[in-house]
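See below for start-v4.txt, which holds compact mmCIF, C-alpha atoms.
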# COMPACT_ATOMS: atom_id res chain seq x y z
CA MET H 17 -0.52 -18.72 47.48
CA ALA H 18 1.55 -15.79 48.64
CA ILE H 19 0.22 -12.33 48.10
CA THR H 20 2.80 -9.65 47.61
CA LYS H 21 2.11 -6.02 48.18
CA ILE H 22 4.46 -3.40 46.83
CA ARG H 23 4.81 -0.47 49.13
CA THR H 24 6.92 2.63 48.88
CA THR H 25 8.90 1.27 51.69
CA SER H 26 9.40 -2.12 50.06
CA SER H 27 12.63 -3.53 48.63
CA PHE H 28 11.53 -2.48 45.12
CA THR H 29 13.25 0.80 44.45
CA ASN H 30 13.65 3.18 41.52
CA LEU H 31 10.32 2.18 40.03
CA THR H 32 9.20 4.03 36.92
CA LYS H 33 5.52 4.65 36.41
CA TYR H 34 4.16 4.40 32.84
CA ASP H 35 0.82 5.62 31.65
CA SER H 36 0.89 3.30 28.65
CA PHE H 37 1.25 -0.46 28.38
CA LEU H 38 4.09 0.21 25.91
CA ALA H 39 6.18 0.94 28.98
CA GLY H 40 8.42 3.31 27.06
CA ASN H 41 8.87 0.97 24.08
CA THR H 42 8.17 1.91 20.47
CA ALA H 43 4.89 0.64 19.09
CA TYR H 44 5.29 -2.21 16.59
CA ASN H 45 3.87 -1.43 13.15
CA PRO H 46 3.56 -4.66 11.20
CA PRO H 47 5.02 -4.35 7.72
CA ALA H 48 2.77 -3.98 4.70
CA PHE H 49 4.67 -6.69 2.78
CA GLU H 50 4.79 -9.95 4.70
CA SER H 51 6.01 -13.42 3.96
CA ILE H 52 3.13 -15.88 4.41
CA ALA H 53 4.74 -19.21 3.49
CA THR H 54 7.49 -20.83 1.46
CA ALA H 55 7.34 -24.19 -0.31
CA THR H 56 10.06 -26.38 -1.78
CA GLY H 57 9.58 -28.78 -4.65
CA THR H 58 9.56 -32.46 -3.66
CA GLY H 59 10.57 -34.01 -6.96
CA ALA H 60 7.37 -36.02 -6.84
CA SER H 61 4.58 -33.54 -7.54
CA THR H 62 3.49 -31.29 -10.39
CA THR H 63 1.72 -28.96 -7.98
CA ILE H 64 2.74 -26.65 -5.19
CA THR H 65 -0.21 -25.37 -3.16
CA PHE H 66 -0.64 -22.70 -0.54
CA SER H 67 -3.83 -23.29 1.40
CA SER H 68 -5.69 -21.58 4.24
CA ILE H 69 -4.46 -18.23 2.96
CA PRO H 70 -5.34 -15.48 5.46
CA SER H 71 -7.89 -12.99 4.17
CA THR H 72 -6.22 -10.09 5.94
CA TYR H 73 -4.16 -8.77 3.03
CA THR H 74 -5.12 -6.77 -0.04
CA SER H 75 -2.89 -8.46 -2.60
CA LEU H 76 -0.84 -11.61 -2.92
CA GLN H 77 2.50 -12.12 -4.63
CA ILE H 78 4.15 -15.41 -5.54
CA ARG H 79 7.88 -15.41 -6.29
CA ILE H 80 9.27 -18.51 -7.96
CA SER H 81 12.74 -19.89 -8.63
CA GLY H 82 12.19 -23.32 -10.13
CA ARG H 83 12.64 -26.14 -12.59
CA SER H 84 10.78 -29.19 -13.85
CA ASP H 85 12.21 -32.71 -13.96
CA ALA H 86 10.49 -33.38 -17.29
CA ALA H 87 12.86 -34.43 -20.09
CA VAL H 88 12.25 -31.27 -22.09
CA ASP H 89 14.05 -27.97 -22.60
CA THR H 90 11.18 -25.96 -21.20
CA THR H 91 7.67 -26.31 -19.87
CA TYR H 92 4.97 -23.93 -18.75
CA ILE H 93 3.34 -23.32 -15.41
CA GLN H 94 -0.30 -22.56 -14.69
CA VAL H 95 -2.08 -20.95 -11.78
CA GLN H 96 -5.13 -22.30 -9.98
CA TYR H 97 -7.33 -20.47 -7.50
CA ASN H 98 -9.19 -22.64 -4.99
CA ALA H 99 -8.21 -25.71 -7.07
CA THR H 100 -9.80 -24.20 -10.19
CA ALA H 101 -7.73 -23.37 -13.25
CA MET H 102 -7.97 -19.91 -14.76
CA THR H 103 -10.55 -19.63 -17.50
CA LYS H 104 -8.88 -16.93 -19.53
CA GLY H 105 -5.36 -15.71 -20.07
CA HIS H 106 -3.30 -13.57 -22.41
CA TYR H 107 0.44 -13.40 -22.85
CA LEU H 108 3.18 -11.49 -24.57
CA ARG H 109 6.29 -13.58 -25.21
CA GLY H 110 9.83 -13.03 -26.37
CA ASN H 111 12.11 -15.92 -27.26
CA GLY H 112 15.17 -14.02 -28.31
CA SER H 113 14.17 -14.20 -31.95
CA SER H 114 10.63 -12.89 -32.16
CA ALA H 115 7.84 -11.43 -30.06
CA SER H 116 4.47 -13.14 -30.05
CA ALA H 117 1.14 -12.96 -28.29
CA GLY H 118 -1.61 -15.41 -27.53
CA THR H 119 -4.39 -16.53 -25.26
CA ALA H 120 -3.60 -19.13 -22.60
CA ASN H 121 -3.40 -19.43 -18.85
CA VAL H 122 0.40 -19.58 -18.97
CA PRO H 123 2.16 -17.08 -16.71
CA PHE H 124 5.62 -18.12 -17.92
CA TYR H 125 7.99 -20.99 -18.77
CA ILE H 126 10.73 -22.67 -16.77
CA PRO H 127 13.53 -25.07 -17.75
CA GLY H 128 13.21 -28.85 -17.83
CA SER H 129 15.81 -31.51 -17.15
CA ASN H 130 17.41 -31.17 -20.61
CA VAL H 131 18.78 -27.85 -19.36
CA THR H 132 21.88 -27.62 -17.15
CA SER H 133 20.73 -28.10 -13.56
CA THR H 134 22.29 -24.84 -12.42
CA ILE H 135 19.87 -22.77 -14.55
CA MET H 136 16.60 -21.78 -12.89
CA GLY H 137 13.42 -20.25 -14.19
CA VAL H 138 12.15 -17.26 -12.23
CA GLY H 139 8.95 -15.27 -12.07
CA ILE H 140 6.54 -13.16 -10.13
CA ILE H 141 2.76 -13.55 -10.03
CA ASP H 142 0.55 -10.82 -8.55
CA ILE H 143 -3.08 -11.19 -7.59
CA HIS H 144 -4.96 -8.16 -6.38
CA ASP H 145 -8.08 -7.99 -4.26
CA TYR H 146 -7.95 -11.75 -3.75
CA ALA H 147 -10.22 -11.71 -0.67
CA SER H 148 -13.07 -9.90 -2.40
CA THR H 149 -16.36 -11.77 -2.59
CA THR H 150 -17.91 -9.36 -5.09
CA ARG H 151 -15.27 -9.20 -7.82
CA ASN H 152 -13.92 -11.75 -10.28
CA LYS H 153 -10.25 -12.54 -9.93
CA THR H 154 -7.47 -11.23 -12.17
CA GLY H 155 -3.76 -11.79 -11.92
CA ARG H 156 -0.60 -10.78 -13.77
CA SER H 157 2.80 -12.38 -14.22
CA LEU H 158 6.32 -11.85 -15.54
CA GLY H 159 8.95 -14.54 -15.74
CA GLY H 160 11.07 -16.88 -17.75
CA TRP H 161 14.60 -18.15 -18.10
CA ASN H 162 17.80 -17.69 -20.04
CA GLY H 163 20.43 -20.28 -20.93
CA ASN H 164 23.08 -18.19 -22.71
CA ASN H 165 21.37 -19.04 -26.02
CA ALA H 166 22.33 -22.71 -25.69
CA TYR H 167 18.65 -23.63 -25.96
CA THR H 168 17.82 -20.96 -28.54
CA THR H 169 14.14 -20.09 -28.77
CA ASN H 170 13.15 -22.30 -25.84
CA GLU H 171 14.66 -19.64 -23.64
CA ARG H 172 11.87 -17.16 -23.20
CA LEU H 173 10.49 -14.24 -21.25
CA GLN H 174 6.74 -13.94 -20.89
CA SER H 175 4.33 -11.43 -19.44
CA GLY H 176 0.82 -12.65 -18.76
CA SER H 177 -2.58 -11.82 -17.40
CA PHE H 178 -5.19 -14.34 -16.32
CA PHE H 179 -8.80 -14.28 -15.23
CA LEU H 180 -11.21 -16.45 -13.29
CA ASN H 181 -14.92 -15.73 -13.65
CA ASN H 182 -15.61 -16.38 -9.98
CA THR H 183 -16.18 -13.96 -7.12
CA SER H 184 -15.24 -16.32 -4.30
CA ALA H 185 -12.43 -15.20 -2.05
CA ILE H 186 -9.19 -17.01 -2.78
CA THR H 187 -8.23 -19.32 0.08
CA SER H 188 -5.76 -21.51 -1.80
CA LEU H 189 -3.31 -20.93 -4.64
CA SER H 190 -1.51 -23.55 -6.69
CA VAL H 191 1.24 -23.36 -9.28
CA VAL H 192 1.00 -26.37 -11.57
CA LEU H 193 3.57 -27.61 -14.05
CA GLY H 194 2.62 -28.44 -17.60
CA ASN H 195 5.06 -31.35 -17.61
CA GLY H 196 6.99 -33.22 -14.93
CA ASN H 197 7.45 -32.51 -11.24
CA TRP H 198 8.86 -29.51 -9.43
CA THR H 199 12.50 -30.28 -8.58
CA THR H 200 13.85 -30.17 -5.04
CA SER H 201 15.83 -27.07 -6.03
CA THR H 202 12.55 -25.20 -6.57
CA GLN H 203 11.54 -22.50 -4.12
CA VAL H 204 8.12 -20.86 -4.22
CA ALA H 205 7.31 -18.06 -1.78
CA LEU H 206 3.92 -16.50 -1.04
CA TYR H 207 3.72 -12.92 0.22
CA GLY H 208 0.83 -10.82 1.44
CA ILE H 209 0.58 -7.09 0.81
CA LYS H 210 -1.64 -4.92 2.96
CA GLY H 211 -3.48 -1.86 1.84
CA ALA H 212 -3.67 1.33 3.86
CA MET W 6 15.90 -10.38 12.03
CA PRO W 7 15.30 -8.56 8.72
CA GLU W 8 11.86 -7.40 7.71
CA THR W 9 10.23 -9.14 4.76
CA TYR W 10 10.78 -6.23 2.38
CA GLU W 11 13.47 -3.87 3.51
CA PRO W 12 15.56 -1.11 1.97
CA ILE W 13 19.21 -2.02 2.34
CA ALA W 14 20.86 1.05 0.81
CA THR W 15 20.15 4.06 -1.38
CA THR W 16 22.64 5.94 -3.49
CA GLN W 17 21.85 9.30 -5.00
CA VAL W 18 24.43 10.72 -7.37
CA SER W 19 25.36 14.21 -6.23
CA LEU W 20 28.30 15.07 -8.48
CA SER W 21 28.56 15.33 -12.24
CA THR W 22 31.64 13.10 -12.37
CA ILE W 23 30.22 9.87 -10.96
CA SER W 24 30.28 6.98 -13.40
CA GLN W 25 29.79 4.04 -11.04
CA VAL W 26 27.39 3.11 -8.27
CA THR W 27 28.18 0.10 -6.11
CA PHE W 28 26.11 -1.77 -3.58
CA GLY W 29 28.73 -3.68 -1.61
CA SER W 30 28.78 -6.00 1.39
CA ILE W 31 25.22 -7.08 0.65
CA PRO W 32 23.80 -8.94 3.67
CA GLN W 33 23.23 -12.62 2.99
CA THR W 34 20.08 -12.72 5.11
CA TYR W 35 17.45 -12.18 2.39
CA THR W 36 16.02 -14.42 -0.34
CA ASP W 37 15.80 -12.02 -3.28
CA LEU W 38 17.16 -8.56 -4.09
CA ARG W 39 15.47 -5.74 -5.92
CA ILE W 40 17.06 -2.57 -7.33
CA ILE W 41 14.88 0.36 -8.29
CA GLY W 42 16.52 3.15 -10.23
CA VAL W 43 15.51 6.50 -11.65
CA SER W 44 18.43 7.70 -13.68
CA GLY W 45 20.01 9.29 -16.69
CA GLN W 46 23.42 9.62 -18.32
CA GLN W 47 25.03 12.81 -19.47
CA THR W 48 25.86 11.28 -22.85
CA ALA W 49 23.75 8.67 -24.64
CA GLY W 50 24.81 5.14 -23.71
CA SER W 51 23.83 2.12 -21.69
CA ILE W 52 24.40 1.24 -18.10
CA SER W 53 26.15 -2.03 -17.28
CA VAL W 54 25.30 -4.21 -14.33
CA ARG W 55 27.88 -6.60 -12.94
CA LEU W 56 27.74 -8.98 -10.01
CA ASN W 57 30.61 -9.51 -7.57
CA SER W 58 32.78 -7.22 -9.75
CA ASN W 59 32.96 -10.06 -12.28
CA ALA W 60 33.50 -8.75 -15.81
CA THR W 61 34.04 -12.08 -17.58
CA SER W 62 31.78 -13.42 -20.33
CA LEU W 63 29.25 -15.00 -18.01
CA TYR W 64 26.26 -12.73 -18.62
CA SER W 65 23.34 -13.25 -21.00
CA ASN W 66 19.73 -12.23 -21.44
CA THR W 67 16.55 -12.68 -23.44
CA ARG W 68 14.51 -9.53 -23.81
CA LEU W 69 11.20 -8.24 -25.06
CA GLU W 70 10.86 -4.66 -26.29
CA GLY W 71 8.04 -2.41 -27.34
CA ASP W 72 8.53 1.02 -28.84
CA GLY W 73 4.94 2.04 -29.43
CA THR W 74 4.97 0.73 -32.99
CA SER W 75 6.11 -2.87 -32.75
CA ALA W 76 7.16 -5.59 -30.32
CA THR W 77 10.49 -7.33 -30.80
CA SER W 78 12.65 -9.86 -28.99
CA ALA W 79 16.40 -10.29 -28.93
CA GLN W 80 19.04 -12.24 -27.07
CA SER W 81 22.58 -11.55 -25.90
CA SER W 82 25.01 -14.26 -24.80
CA GLY W 83 28.57 -14.48 -23.51
CA GLN W 84 28.67 -10.87 -22.39
CA GLY W 85 30.81 -9.19 -19.77
CA GLN W 86 27.79 -7.53 -18.14
CA TRP W 87 24.03 -7.20 -18.27
CA ARG W 88 23.60 -4.16 -20.45
CA ILE W 89 20.42 -2.81 -19.08
CA PHE W 90 19.05 0.45 -17.78
CA LEU W 91 19.07 1.81 -21.31
CA ASN W 92 20.10 5.38 -21.32
CA SER W 93 17.99 8.43 -21.36
CA THR W 94 18.94 11.12 -23.77
CA GLY W 95 19.44 14.82 -23.43
CA ASN W 96 21.19 14.71 -20.09
CA THR W 97 17.94 14.19 -18.18
CA ILE W 98 16.71 11.74 -15.60
CA SER W 99 14.01 9.90 -17.47
CA VAL W 100 14.57 6.17 -17.12
CA PHE W 101 12.80 4.06 -14.51
CA SER W 102 14.38 0.67 -13.95
CA ASP W 103 13.36 -2.29 -11.81
CA ILE W 104 15.57 -5.36 -11.48
CA ASN W 105 14.75 -8.46 -9.42
CA ILE W 106 17.60 -10.84 -8.55
CA PHE W 107 16.33 -14.20 -7.31
CA ASP W 108 17.85 -16.55 -4.73
CA TYR W 109 21.07 -14.53 -4.68
CA THR W 110 22.68 -16.42 -1.78
CA ASN W 111 22.30 -19.84 -3.44
CA THR W 112 25.71 -21.41 -4.16
CA SER W 113 24.30 -24.40 -6.09
CA THR W 114 22.68 -22.55 -8.97
CA PHE W 115 23.51 -19.72 -11.36
CA THR W 116 21.96 -16.34 -10.65
CA THR W 117 18.85 -15.43 -12.64
CA ALA W 118 17.21 -12.02 -12.65
CA PHE W 119 14.71 -10.07 -14.62
CA TYR W 120 14.18 -6.40 -15.11
CA ASN W 121 11.69 -3.91 -16.45
CA GLU W 122 12.74 -0.60 -17.84
CA TYR W 123 10.55 2.30 -18.79
CA LYS W 124 11.34 5.51 -20.61
CA ASN W 125 9.46 7.79 -22.91
CA SER W 126 10.41 5.92 -26.04
CA LYS W 127 10.55 2.28 -25.05
CA LEU W 128 9.51 -0.47 -22.66
CA VAL W 129 11.98 -3.32 -22.13
CA ALA W 130 11.62 -6.51 -20.13
CA SER W 131 14.46 -9.00 -19.86
CA VAL W 132 15.34 -12.25 -18.12
CA CYS W 133 19.04 -12.43 -17.32
CA LEU W 134 21.54 -15.13 -16.38
CA PHE W 135 24.90 -14.91 -14.61
CA ARG W 136 26.67 -18.25 -15.08
CA ASN W 137 28.39 -18.37 -11.74
CA THR W 138 27.27 -20.10 -8.55
CA SER W 139 28.85 -17.67 -6.08
CA ALA W 140 26.54 -15.88 -3.70
CA ILE W 141 26.06 -12.27 -4.71
CA THR W 142 27.82 -9.87 -2.35
CA ASN W 143 27.99 -6.75 -4.50
CA VAL W 144 26.25 -5.21 -7.49
CA THR W 145 27.89 -2.53 -9.62
CA LEU W 146 26.17 -0.18 -12.07
CA ASP W 147 28.42 1.60 -14.58
CA ALA W 148 27.50 4.46 -16.87
CA GLU W 149 29.21 3.19 -20.01
CA SER W 150 29.51 6.46 -21.90
CA ASP W 151 30.51 8.91 -19.24
CA TYR W 152 28.67 9.93 -16.10
CA PHE W 153 25.35 9.71 -14.36
CA VAL W 154 23.17 12.79 -14.29
CA PRO W 155 23.28 14.26 -10.76
CA GLY W 156 20.11 13.30 -8.96
CA SER W 157 20.11 9.77 -10.39
CA ARG W 158 19.02 7.49 -7.60
CA PHE W 159 19.23 3.75 -7.01
CA THR W 160 17.78 1.82 -4.06
CA LEU W 161 18.60 -1.76 -3.13
CA TYR W 162 15.89 -3.77 -1.33
CA GLY W 163 16.03 -7.17 0.33
CA ILE W 164 13.04 -9.52 0.22
CA LYS W 165 12.94 -12.38 2.68
CA ALA W 166 10.79 -15.47 2.38
CA ALA W 167 9.41 -17.26 5.42

Re-express the file's structure as structure tokens.
Amino acid sequence: MAITKIRTTSSFTNLTKYDSFLAGNTAYNPPAFESIATATGTGASTTITFSSIPSTYTSLQIRISGRSDAAVDTTYIQVQYNATAMTKGHYLRGNGSSASAGTANVPFYIPGSNVTSTIMGVGIIDIHDYASTTRNKTGRSLGGWNGNNAYTTNERLQSGSFFLNNTSAITSLSVVLGNGNWTTSTQVALYGIKGA
Amino acid sequence: MPETYEPIATTQVSLSTISQVTFGSIPQTYTDLRIIGVSGQQTAGSISVRLNSNATSLYSNTRLEGDGTSATSAQSSGQGQWRIFLNSTGNTISVFSDINIFDYTNTSTFTTAFYNEYKNSKLVASVCLFRNTSAITNVTLDAESDYFVPGSRFTLYGIKAA
């Protein structure tokens, strides 16, 4: 193995000496809002799961653009932590005609195959302090879909909160359809948000 | 390569004769868009949102409203805009608005969005549809009555999935 020694009289010229390993570059500050993973519906499963979720964030956010292949106008989705369904949930719903409220683990509704295939349901689910091992888990959601009133009161917007009486850190998250399978046009993205 | 959550542009209204704010030439490198606004109009009225300068009857929404006394829901269809960012009154900046536009580069599906709006007299949430499959390249906000209050500010963010 050759050993090379750099001397002032060597062929290396115009060397710059740095006192930092950054070597004059700007330090990289990782962003507080990071994309963890994205999943696409397969057309053959009611469930989309994110597993082995890193525990290095403070909060998680799921953003959904999706549909079900069930032969219905609309169906609901549910959230599971660590393969366990939420035990409690509350919602506030508007269907274009009336506002209503109830108790159910139903973050929001999306369209089924009776609805024109170009119409997607959308929503955001937020879960804070997911890595805590001392606090029960609570999440919130907002989502729904609109079809230009062609599907009347099946078009709906819903805001929800949901609770799991379990202090385990969340390592997997699933969004589960009430009916049918997630279509191949469905995109579900998981993001991590860091605290200070 | 864009960051996951990145401000694309901010517009702050500096004159008293500005009635339109446009975010144009939107990069097609993100997954979703988000617009945050703190605004007011000089005369009571709504603010219209249009995509790709399209003013045809392709807009609709389903909304949920609470005014501190009751909760109601309503629906609009076949409109020439999303009429959102409901106006403040009294020529003040007092309306906070948050609109999320999903999968805006997709040319196989219509564009769906939802927004939240907060002001001292009402909370509004709405899911909105634009029945056109074109990718979104610009978003226009129009003060329908007259002009924005100087100091009104809108920021466009891009959110990129893995």

Q: Measuring atom to atom with only C-alpha atoms, identify which of W:Thr15, W:Gln47, W:Ser126, W:Ser113 is nearest to H:Thr132.
A: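 Of W:Thr15, W:Gln47, W:Ser126, W:Ser113, the one nearest H:Thr132 is W:Ser113, counting only C-alpha atoms.
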
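Here the question is which of W:Phe119, W:Phe135, W:Tyr152, W:Phe159 gets nearest to W:Ser62 using only C-alpha atoms, and that residue is W:Phe135.
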
Chain H residues near chain W (9 Å cut-off, all atoms listed in the file) as a PDB file with C-alpha atoms, in the frame of the given file:
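Generated file (part-v4.pdb):
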ATOM      1  CA  PRO H  47       5.020  -4.350   7.720  1.00  0.00           C
ATOM      2  CA  ALA H  48       2.770  -3.980   4.700  1.00  0.00           C
ATOM      3  CA  PHE H  49       4.670  -6.690   2.780  1.00  0.00           C
ATOM      4  CA  GLU H  50       4.790  -9.950   4.700  1.00  0.00           C
ATOM      5  CA  SER H  51       6.010 -13.420   3.960  1.00  0.00           C
ATOM      6  CA  ILE H  52       3.130 -15.880   4.410  1.00  0.00           C
ATOM      7  CA  ALA H  53       4.740 -19.210   3.490  1.00  0.00           C
ATOM      8  CA  THR H  54       7.490 -20.830   1.460  1.00  0.00           C
ATOM      9  CA  ARG H  79       7.880 -15.410  -6.290  1.00  0.00           C
ATOM     10  CA  ILE H  80       9.270 -18.510  -7.960  1.00  0.00           C
ATOM     11  CA  SER H  81      12.740 -19.890  -8.630  1.00  0.00           C
ATOM     12  CA  LEU H 108       3.180 -11.490 -24.570  1.00  0.00           C
ATOM     13  CA  ARG H 109       6.290 -13.580 -25.210  1.00  0.00           C
ATOM     14  CA  GLY H 110       9.830 -13.030 -26.370  1.00  0.00           C
ATOM     15  CA  ASN H 111      12.110 -15.920 -27.260  1.00  0.00           C
ATOM     16  CA  GLY H 112      15.170 -14.020 -28.310  1.00  0.00           C
ATOM     17  CA  SER H 113      14.170 -14.200 -31.950  1.00  0.00           C
ATOM     18  CA  SER H 114      10.630 -12.890 -32.160  1.00  0.00           C
ATOM     19  CA  ALA H 115       7.840 -11.430 -30.060  1.00  0.00           C
ATOM     20  CA  SER H 116       4.470 -13.140 -30.050  1.00  0.00           C
ATOM     21  CA  SER H 133      20.730 -28.100 -13.560  1.00  0.00           C
ATOM     22  CA  THR H 134      22.290 -24.840 -12.420  1.00  0.00           C
ATOM     23  CA  ILE H 135      19.870 -22.770 -14.550  1.00  0.00           C
ATOM     24  CA  MET H 136      16.600 -21.780 -12.890  1.00  0.00           C
ATOM     25  CA  GLY H 137      13.420 -20.250 -14.190  1.00  0.00           C
ATOM     26  CA  VAL H 138      12.150 -17.260 -12.230  1.00  0.00           C
ATOM     27  CA  GLY H 139       8.950 -15.270 -12.070  1.00  0.00           C
ATOM     28  CA  LEU H 158       6.320 -11.850 -15.540  1.00  0.00           C
ATOM     29  CA  GLY H 159       8.950 -14.540 -15.740  1.00  0.00           C
ATOM     30  CA  GLY H 160      11.070 -16.880 -17.750  1.00  0.00           C
ATOM     31  CA  TRP H 161      14.600 -18.150 -18.100  1.00  0.00           C
ATOM     32  CA  ASN H 162      17.800 -17.690 -20.040  1.00  0.00           C
ATOM     33  CA  GLY H 163      20.430 -20.280 -20.930  1.00  0.00           C
ATOM     34  CA  ASN H 164      23.080 -18.190 -22.710  1.00  0.00           C
ATOM     35  CA  ASN H 165      21.370 -19.040 -26.020  1.00  0.00           C
ATOM     36  CA  ALA H 166      22.330 -22.710 -25.690  1.00  0.00           C
ATOM     37  CA  THR H 168      17.820 -20.960 -28.540  1.00  0.00           C
ATOM     38  CA  GLU H 171      14.660 -19.640 -23.640  1.00  0.00           C
ATOM     39  CA  ARG H 172      11.870 -17.160 -23.200  1.00  0.00           C
ATOM     40  CA  LEU H 173      10.490 -14.240 -21.250  1.00  0.00           C
ATOM     41  CA  GLN H 174       6.740 -13.940 -20.890  1.00  0.00           C
ATOM     42  CA  SER H 175       4.330 -11.430 -19.440  1.00  0.00           C
ATOM     43  CA  SER H 201      15.830 -27.070  -6.030  1.00  0.00           C
ATOM     44  CA  GLN H 203      11.540 -22.500  -4.120  1.00  0.00           C
ATOM     45  CA  VAL H 204       8.120 -20.860  -4.220  1.00  0.00           C
ATOM     46  CA  ALA H 205       7.310 -18.060  -1.780  1.00  0.00           C
ATOM     47  CA  LEU H 206       3.920 -16.500  -1.040  1.00  0.00           C
ATOM     48  CA  TYR H 207       3.720 -12.920   0.220  1.00  0.00           C
TER      49      TYR H 207
END

Q) Out of H:Arg151, H:Gly211, H:Thr199, H:Ser177, which residue has the shortest atom-to-atom distance to H:Ala117 when counting all atoms listed in the file? A) H:Ser177

Q | Polymer residues at most 10 Å from W:Pro12, only C-alpha atoms, same-chain spacing of 4 or more positions, as a count of residues only | A | 9

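Using all atoms listed in the file, the residues found no farther than 7 Å from stretch 60-70 of chain H, other than those of its own chain fewer than 5 positions away, are Thr187, Ser188, Leu189, Ser190, Val191, Val192, Leu193, Gly196, Asn197 and Trp198 of chain H.
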
Export C-alpha atoms of the chosen residues as a tab-separated table (two decimals), in the coordinates of the input?
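Written file, result_5.tsv:
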chain	number	residue	atom	x	y	z
H	187	THR	CA	-8.23	-19.32	0.08
H	188	SER	CA	-5.76	-21.51	-1.80
H	189	LEU	CA	-3.31	-20.93	-4.64
H	190	SER	CA	-1.51	-23.55	-6.69
H	191	VAL	CA	1.24	-23.36	-9.28
H	192	VAL	CA	1.00	-26.37	-11.57
H	193	LEU	CA	3.57	-27.61	-14.05
H	196	GLY	CA	6.99	-33.22	-14.93
H	197	ASN	CA	7.45	-32.51	-11.24
H	198	TRP	CA	8.86	-29.51	-9.43

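Residue nearest W:Val100 within the list W:Val43, W:Val18, W:Val26, W:Leu146: W:Val43 [criterion: smallest interatomic distance, only C-alpha atoms].
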
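Picture a line from atom CA of W:Ile141 to atom CA of W:Ile31; it runs 7.5 Å.
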
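Taking atom CA of W:Ala49 and atom CA of W:Thr97 as endpoints, the distance between them is 10.3 Å.
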
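Using only C-alpha atoms for every distance, the candidate list W:Pro32, W:Val144, W:Gly73, W:Ala14 yields W:Val144 as the residue closest to W:Ile104.
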
Take every atom of stretch 43-55 of chain W listed in the file, fit an axis-aligned box around them, add 5 Å per side, and give the centre and edge lengths in Å to one decimal as AutoDock Vina command-line options.
--center_x 21.7 --center_y 3.1 --center_z -18.1 --size_x 22.4 --size_y 29.4 --size_z 23.0

Please complete stretch 77-91 of chain H so it has N, CA and C atoms, and hand it over as a CSV table (one decimal), in the coordinates of the input.
chain,number,residue,atom,x,y,z
H,77,GLN,N,1.4,-12.0,-3.6
H,77,GLN,CA,2.5,-12.1,-4.6
H,77,GLN,C,3.2,-13.5,-4.4
H,78,ILE,N,3.4,-14.2,-5.5
H,78,ILE,CA,4.2,-15.4,-5.5
H,78,ILE,C,5.5,-15.1,-6.3
H,79,ARG,N,6.6,-15.5,-5.7
H,79,ARG,CA,7.9,-15.4,-6.3
H,79,ARG,C,8.4,-16.8,-6.4
H,80,ILE,N,8.9,-17.1,-7.7
H,80,ILE,CA,9.3,-18.5,-8.0
H,80,ILE,C,10.7,-18.5,-8.5
H,81,SER,N,11.5,-19.5,-8.0
H,81,SER,CA,12.7,-19.9,-8.6
H,81,SER,C,12.6,-21.4,-8.8
H,82,GLY,N,12.5,-21.9,-10.0
H,82,GLY,CA,12.2,-23.3,-10.1
H,82,GLY,C,12.5,-24.0,-11.4
H,83,ARG,N,12.4,-25.3,-11.4
H,83,ARG,CA,12.6,-26.1,-12.6
H,83,ARG,C,11.7,-27.3,-12.6
H,84,SER,N,11.5,-27.9,-13.7
H,84,SER,CA,10.8,-29.2,-13.8
H,84,SER,C,11.7,-30.3,-14.1
H,85,ASP,N,11.4,-31.5,-13.7
H,85,ASP,CA,12.2,-32.7,-14.0
H,85,ASP,C,11.8,-33.4,-15.3
H,86,ALA,N,10.9,-32.8,-16.0
H,86,ALA,CA,10.5,-33.4,-17.3
H,86,ALA,C,11.6,-33.3,-18.3
H,87,ALA,N,11.8,-34.3,-19.1
H,87,ALA,CA,12.9,-34.4,-20.1
H,87,ALA,C,12.6,-33.6,-21.3
H,88,VAL,N,12.5,-32.3,-21.0
H,88,VAL,CA,12.2,-31.3,-22.1
H,88,VAL,C,13.2,-30.1,-21.8
H,89,ASP,N,13.3,-29.2,-22.8
H,89,ASP,CA,14.0,-28.0,-22.6
H,89,ASP,C,13.3,-27.0,-21.7
H,90,THR,N,12.0,-26.9,-22.0
H,90,THR,CA,11.2,-26.0,-21.2
H,90,THR,C,9.7,-26.4,-21.1
H,91,THR,N,9.1,-26.0,-20.0
H,91,THR,CA,7.7,-26.3,-19.9
H,91,THR,C,7.0,-25.1,-19.2
